[in-house]
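**Q** Next up, run39.tsv (TSV, C-alpha atoms).
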```
chain	number	residue	atom	x	y	z
A	300	MET	CA	-2.24	-4.39	5.73
A	301	LEU	CA	-2.07	-5.54	9.36
A	302	ALA	CA	1.70	-5.01	9.38
A	303	PHE	CA	1.16	-1.59	7.81
A	304	LEU	CA	-1.32	-0.64	10.55
A	305	ALA	CA	0.98	-1.90	13.29
A	306	ALA	CA	3.79	0.32	12.03
A	307	SER	CA	1.43	3.31	11.78
A	308	LEU	CA	0.10	2.84	15.31
A	309	LEU	CA	3.63	2.57	16.69
A	310	ALA	CA	4.57	5.89	15.07
A	311	LEU	CA	1.34	7.49	16.28
A	312	SER	CA	1.93	6.39	19.88
A	313	SER	CA	5.42	7.89	19.80
A	314	SER	CA	4.23	11.27	18.51
A	315	ALA	CA	1.35	11.40	21.02
A	316	SER	CA	3.33	10.28	24.26
A	317	ALA	CA	-11.97	-12.54	-0.11
A	318	PRO	CA	-13.79	-11.36	-2.94
A	319	ALA	CA	-17.48	-10.88	-3.81
A	320	ALA	CA	-18.71	-8.70	-6.66
A	321	ALA	CA	-21.02	-8.50	-9.63
A	322	SER	CA	-20.01	-7.51	-13.15
A	323	ALA	CA	-19.64	-9.11	-16.53
A	324	SER	CA	-16.45	-11.11	-16.91
A	325	PRO	CA	-14.16	-10.01	-19.74
A	326	ALA	CA	-11.98	-12.20	-21.85
A	327	ALA	CA	-8.64	-12.97	-20.25
A	328	PRO	CA	-5.88	-10.51	-21.22
A	329	ALA	CA	-3.60	-11.56	-24.04
A	330	PRO	CA	-0.55	-13.42	-22.72
A	331	GLN	CA	2.68	-11.46	-22.67
A	332	ALA	CA	5.80	-12.63	-24.45
A	333	ALA	CA	8.04	-14.57	-22.12
A	334	ALA	CA	10.87	-12.47	-20.72
A	335	PRO	CA	14.41	-13.80	-20.93
A	336	ALA	CA	15.55	-15.64	-17.83
A	337	PRO	CA	17.69	-13.49	-15.51
A	338	ALA	CA	21.35	-14.28	-15.06
A	339	ALA	CA	22.31	-16.40	-12.08
A	340	GLY	CA	22.16	-14.35	-8.88
A	341	GLN	CA	20.13	-11.56	-10.49
A	342	PRO	CA	16.60	-10.54	-9.37
A	343	LEU	CA	13.67	-11.91	-11.34
A	344	ARG	CA	12.38	-8.37	-11.67
A	345	GLN	CA	13.22	-4.82	-10.63
A	346	VAL	CA	10.68	-2.00	-10.53
A	347	VAL	CA	11.57	1.58	-9.57
A	348	TYR	CA	9.14	4.24	-8.33
A	349	ASN	CA	9.30	7.93	-7.57
A	350	VAL	CA	7.45	8.42	-4.28
A	351	SER	CA	6.32	11.07	-1.84
A	352	GLN	CA	4.50	10.91	1.47
A	353	GLY	CA	3.33	13.38	4.07
A	354	SER	CA	1.49	13.29	7.38
A	355	ARG	CA	-0.03	15.79	9.76
A	356	THR	CA	-1.02	14.81	13.29
A	357	TYR	CA	-3.51	16.72	15.41
A	358	SER	CA	-3.87	15.90	19.10
A	359	GLY	CA	-5.87	17.41	21.91
A	360	GLY	CA	-7.20	16.62	25.36
A	361	GLU	CA	-8.13	17.79	28.82
A	362	HIS	CA	-5.37	18.32	31.38
A	363	TYR	CA	-5.09	19.95	34.80
A	364	GLU	CA	-4.37	23.24	33.10
A	365	GLY	CA	-7.39	22.86	30.79
A	366	TYR	CA	-7.77	21.76	27.18
A	367	SER	CA	-4.66	21.81	24.99
A	368	SER	CA	-3.96	20.92	21.38
A	369	ASN	CA	-0.93	20.27	19.25
A	370	SER	CA	-0.11	19.78	15.57
A	371	THR	CA	2.97	18.22	13.94
A	372	SER	CA	3.79	17.35	10.36
A	373	THR	CA	6.32	15.28	8.40
A	374	ALA	CA	7.08	14.88	4.70
A	375	ASP	CA	9.53	12.93	2.58
A	376	ARG	CA	10.18	11.93	-1.01
A	377	GLY	CA	12.61	9.85	-3.01
A	378	THR	CA	12.80	6.58	-4.94
A	379	VAL	CA	11.88	2.99	-4.12
A	380	ASN	CA	13.54	0.08	-5.94
A	381	VAL	CA	11.65	-3.22	-5.57
A	382	ALA	CA	13.68	-6.31	-6.48
A	383	VAL	CA	11.71	-9.57	-6.72
A	384	LEU	CA	14.16	-12.29	-5.69
A	385	SER	CA	11.98	-15.41	-5.88
A	386	VAL	CA	8.38	-16.62	-6.14
A	387	VAL	CA	7.20	-19.72	-4.25
A	388	ASN	CA	3.47	-20.59	-4.20
A	389	ASN	CA	2.75	-16.99	-5.30
A	390	VAL	CA	4.61	-15.61	-2.27
A	391	LEU	CA	7.16	-13.00	-3.36
A	392	GLN	CA	10.50	-12.68	-1.62
A	393	VAL	CA	11.58	-9.10	-2.22
A	394	SER	CA	14.42	-6.74	-1.42
A	395	VAL	CA	13.53	-3.06	-1.23
A	396	THR	CA	16.01	-0.20	-1.49
A	397	GLU	CA	14.66	3.18	-0.44
A	398	THR	CA	16.55	6.38	-1.22
A	399	MET	CA	14.65	9.02	0.72
A	400	ILE	CA	15.69	12.62	1.30
A	401	ASN	CA	15.19	12.51	5.07
A	402	ILE	CA	17.45	9.48	5.49
A	403	GLY	CA	20.09	10.85	3.14
A	404	ARG	CA	21.41	7.47	2.02
A	405	PRO	CA	20.05	4.26	0.46
A	406	ALA	CA	18.52	1.77	2.91
A	407	THR	CA	17.81	-1.85	1.92
A	408	TYR	CA	15.34	-4.20	3.61
A	409	ASP	CA	14.22	-7.78	2.86
A	410	GLY	CA	10.73	-9.19	3.29
A	411	SER	CA	7.82	-10.86	1.53
A	412	VAL	CA	4.44	-10.18	-0.07
A	413	LEU	CA	1.68	-12.78	0.31
A	414	PRO	CA	-0.91	-13.49	-2.43
A	415	ASP	CA	-3.63	-11.64	-0.49
A	416	GLY	CA	-1.56	-8.45	-0.25
A	417	ALA	CA	-0.14	-8.91	3.26
A	418	VAL	CA	3.28	-7.22	3.44
A	419	ASN	CA	5.72	-8.88	5.85
A	420	PHE	CA	8.70	-6.70	6.81
A	421	PRO	CA	10.17	-6.09	10.26
A	422	PRO	CA	8.84	-3.02	12.12
A	423	GLU	CA	10.61	0.30	11.61
A	424	THR	CA	12.03	-0.69	8.23
A	425	ILE	CA	10.21	0.26	5.02
A	426	THR	CA	8.19	3.48	4.82
A	427	ASP	CA	4.40	3.62	4.70
A	428	VAL	CA	4.37	4.56	1.00
A	429	THR	CA	6.48	1.48	0.21
A	430	ARG	CA	4.04	-0.75	2.09
A	431	GLN	CA	1.24	0.67	-0.02
A	432	ILE	CA	3.15	-0.10	-3.23
A	433	LEU	CA	4.04	-3.65	-2.24
A	434	GLU	CA	0.45	-4.54	-1.37
A	435	TYR	CA	-0.42	-4.30	-5.07
A	436	PHE	CA	2.34	-6.68	-6.15
A	437	ALA	CA	0.22	-9.52	-4.72
A	438	SER	CA	-1.03	-12.11	-7.19
A	439	ASP	CA	-4.60	-12.22	-5.82
A	440	ILE	CA	-5.25	-8.53	-5.14
A	441	GLU	CA	-7.21	-8.10	-8.38
A	442	PRO	CA	-9.56	-10.87	-9.57
A	443	LYS	CA	-8.74	-11.78	-13.15
A	444	ASP	CA	-12.42	-11.46	-14.18
A	445	LYS	CA	-12.82	-7.92	-12.78
A	446	THR	CA	-10.96	-5.81	-15.30
A	447	VAL	CA	-13.84	-4.18	-17.22
A	448	LEU	CA	-15.25	-0.74	-16.55
A	449	GLY	CA	-17.64	-0.75	-13.60
A	450	SER	CA	-16.45	-4.04	-12.10
A	451	THR	CA	-16.45	-4.11	-8.30
A	452	TRP	CA	-15.35	-6.46	-5.57
A	453	ASP	CA	-15.00	-6.44	-1.80
A	454	VAL	CA	-12.40	-7.88	0.54
A	455	GLY	CA	-13.13	-8.38	4.24
A	456	LEU	CA	-10.98	-9.47	7.16
A	457	ASN	CA	-11.75	-9.94	10.84
A	458	ARG	CA	-8.81	-11.20	12.83
A	459	ASN	CA	-7.57	-10.63	16.38
A	460	GLY	CA	-9.83	-7.66	16.97
A	461	VAL	CA	-9.07	-6.00	13.63
A	462	ASP	CA	-12.06	-5.52	11.32
A	463	LEU	CA	-11.03	-4.50	7.79
A	464	ALA	CA	-13.27	-3.91	4.78
A	465	THR	CA	-12.05	-2.80	1.34
A	466	HIS	CA	-14.16	-1.91	-1.69
A	467	TYR	CA	-12.61	-1.76	-5.18
A	468	LYS	CA	-14.19	-0.39	-8.34
A	469	VAL	CA	-12.77	-0.20	-11.88
A	470	THR	CA	-13.31	3.43	-12.92
A	471	LYS	CA	-11.23	3.51	-16.09
A	472	VAL	CA	-9.74	1.11	-18.65
A	473	ASP	CA	-7.05	2.51	-20.95
A	474	GLY	CA	-5.49	-0.23	-23.07
A	475	ASP	CA	-3.74	-2.58	-20.66
A	476	LEU	CA	-4.03	-0.15	-17.73
A	477	VAL	CA	-6.87	-0.35	-15.20
A	478	THR	CA	-7.70	2.40	-12.70
A	479	LEU	CA	-9.15	1.29	-9.37
A	480	ALA	CA	-11.01	3.43	-6.85
A	481	VAL	CA	-10.12	2.15	-3.39
A	482	ASN	CA	-12.20	2.70	-0.25
A	483	GLN	CA	-11.11	1.01	2.95
A	484	THR	CA	-12.15	1.13	6.59
A	485	VAL	CA	-10.39	-0.47	9.54
A	486	LYS	CA	-11.52	-0.71	13.15
A	487	ILE	CA	-9.32	-1.85	16.03
A	488	ALA	CA	-11.73	-2.05	18.94
A	489	ALA	CA	-9.20	-2.79	21.69
A	490	GLN	CA	-7.26	0.40	20.92
A	491	ASN	CA	-10.20	2.67	19.99
A	492	VAL	CA	-8.65	3.17	16.57
A	493	THR	CA	-10.45	3.72	13.27
A	494	VAL	CA	-8.81	4.13	9.88
A	495	ALA	CA	-10.28	5.34	6.59
A	496	LEU	CA	-8.32	5.16	3.34
A	497	ASP	CA	-9.39	6.20	-0.14
A	498	GLY	CA	-7.84	7.08	-3.47
A	499	THR	CA	-6.90	5.57	-6.81
A	500	ILE	CA	-4.46	2.91	-7.99
A	501	VAL	CA	-3.50	2.37	-11.63
A	502	MET	CA	-2.68	-1.28	-12.28
A	503	LYS	CA	-1.28	-3.28	-15.18
A	504	PRO	CA	-3.00	-6.62	-14.55
A	505	SER	CA	-1.10	-8.48	-17.26
A	506	LEU	CA	2.14	-7.87	-15.37
A	507	LEU	CA	0.86	-7.88	-11.76
A	508	VAL	CA	2.30	-4.47	-11.00
A	509	PRO	CA	1.03	-1.14	-9.65
A	510	VAL	CA	1.80	1.67	-12.08
A	511	SER	CA	0.84	4.66	-9.92
A	512	GLY	CA	-1.12	5.55	-6.83
A	513	ASP	CA	-2.64	8.52	-5.04
A	514	LEU	CA	-3.93	7.49	-1.61
A	515	HIS	CA	-5.13	9.38	1.46
A	516	ARG	CA	-5.52	7.93	4.94
A	517	THR	CA	-7.08	9.27	8.13
A	518	LEU	CA	-6.26	7.49	11.39
A	519	ARG	CA	-8.16	8.43	14.54
A	520	ARG	CA	-7.31	7.26	18.03
A	521	LEU	CA	-9.37	8.01	21.15
A	522	THR	CA	-7.89	7.74	24.64
A	523	THR	CA	-9.03	8.67	28.14
A	524	THR	CA	-7.08	11.92	27.92
A	525	GLY	CA	-8.07	13.05	24.43
A	526	ASP	CA	-7.92	12.15	20.79
A	527	THR	CA	-5.31	12.06	18.03
A	528	THR	CA	-5.91	12.27	14.28
A	529	THR	CA	-3.23	11.66	11.66
A	530	VAL	CA	-3.95	12.55	8.03
A	531	SER	CA	-1.49	11.04	5.53
A	532	SER	CA	-1.00	11.05	1.77
A	533	TYR	CA	0.95	8.57	-0.36
A	534	ILE	CA	1.82	9.17	-4.02
A	535	PHE	CA	3.91	6.94	-6.26
A	536	GLN	CA	4.72	6.64	-9.98
A	537	ARG	CA	6.54	3.81	-11.72
A	538	VAL	CA	9.57	5.00	-13.70
A	539	SER	CA	11.20	1.73	-14.81
A	540	ASP	CA	10.49	-2.00	-14.91
A	541	THR	CA	12.79	-4.73	-16.18
A	542	LEU	CA	9.78	-6.75	-17.39
A	543	ASP	CA	8.13	-3.81	-19.18
A	544	SER	CA	10.25	-1.79	-21.58
A	545	ALA	CA	7.31	0.57	-22.13
A	546	ALA	CA	6.97	1.40	-18.43
A	547	HIS	CA	4.37	4.12	-17.84
```
Could you take the file, read its structure, and then write that structure out as structure tokens?
**A**
Amino acid sequence: MLAFLAASLLALSSSASAPAAASASPAAPAPQAAAPAPAAGQPLRQVVYNVSQGSRTYSGGEHYEGYSSNSTSTADRGTVNVAVLSVVNNVLQVSVTETMINIGRPATYDGSVLPDGAVNFPPETITDVTRQILEYFASDIEPKDKTVLGSTWDVGLNRNGVDLATHYKVTKVDGDLVTLAVNQTVKIAAQNVTVALDGTIVMKPSLLVPVSGDLHRTLRRLTTTGDTTTVSSYIFQRVSDTLDSAAH
């Protein structure tokens, strides 16, 4: 999430020039049949998503000529192919290939996903919607005893001036699919930045994979000359999965 915010703040600057919960614990999900081992040199898993993202930025402030305002918008859609190359101590080494309309050609980037959901890719590589998808590949993002209707848990982080708080709630259980309501706030005091994110994620806990997502984020930044607000939306839907022949 910190890497995701850093990338977002960089883009914004350019345009503007641990769980705790209470609910009954369900029985552990039935184990899945072991998948055949991949051939040498092949990914352990490949998951493909259809994605779309859009952002609108509003900025305004006082100048010598008086108050002025401006609005810009961007949008893109395409596919994201996530290839899991290896797993060591629950850290995923992944290769992501994005085929987005605005780029016009496939682009491949390598990085990692930590158990707590931290996504480590170099800046100016993967898109924001891809970062949102990868966060939910993490092994510890969803406690194994929080998969019944009404279960809740909270994750907090305070590091290097970044204060992040996320609240999850299970709002629907449909077979082996679990729908999570996500509400997150982030404050970066040194940069006068606040972020609010909310929406829903559909997970398949037995396979540690996000099935779909519909997320909305508002990022506000206050400076001595004015303020900037960026409203973004991220939508994704899984279309294939080499470990799930019945991919939803």
**Q** So, with all atoms listed in the file as the atoms that count, which of A:Ala489, A:Val530, A:Leu542, A:Val387 lies closest to Ser370 (chain A)?
**A**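 Checking each of A:Ala489, A:Val530, A:Leu542, A:Val387 against Ser370 (chain A), counting all atoms listed in the file, the winner is A:Val530.
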**Q** Pull the closest atom pair for each residue of region 497-528 of chain A that gets at most 10 Å from region 413-435 of chain A, along with the distance in Å to one decimal, counting only C-alpha atoms, ordering rows by chain and then ascending residue number, as a tab-separated table.
**A**
```
residue	atom	partner	partner_atom	distance
A:Ile500	CA	A:Tyr435	CA	8.8
A:Val501	CA	A:Tyr435	CA	9.8
A:Met502	CA	A:Tyr435	CA	8.1
A:Leu507	CA	A:Tyr435	CA	7.7
A:Val508	CA	A:Tyr435	CA	6.5
A:Pro509	CA	A:Tyr435	CA	5.8
A:Val510	CA	A:Ile432	CA	9.1
A:Ser511	CA	A:Ile432	CA	8.5
A:Gly512	CA	A:Ile432	CA	7.9
A:Leu514	CA	A:Gln431	CA	8.7
```
**Q** Could you work out how far CA of Val454 (chain A) lies from CA of Ile440 (chain A), giving the answer in Å with one decimal?
**A**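 Answer for the CA of Ile440 (chain A) to CA of Val454 (chain A) separation: 9.2 Å.
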**Q** Between CA of Ser372 (chain A) and CA of Gly359 (chain A), measure the distance and give it in Å to one decimal.
**A**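 Value for the CA of Ser372 (chain A)-CA of Gly359 (chain A) distance: 15.1 Å.
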**Q** Point out the residue among A:Val447, A:Ser351, A:Leu496, A:Ala382 with the least atom-to-atom distance to Ile400 (chain A), counting all atoms listed in the file.
**A**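 Nearest candidate to Ile400 (chain A) out of A:Val447, A:Ser351, A:Leu496, A:Ala382: A:Ser351.
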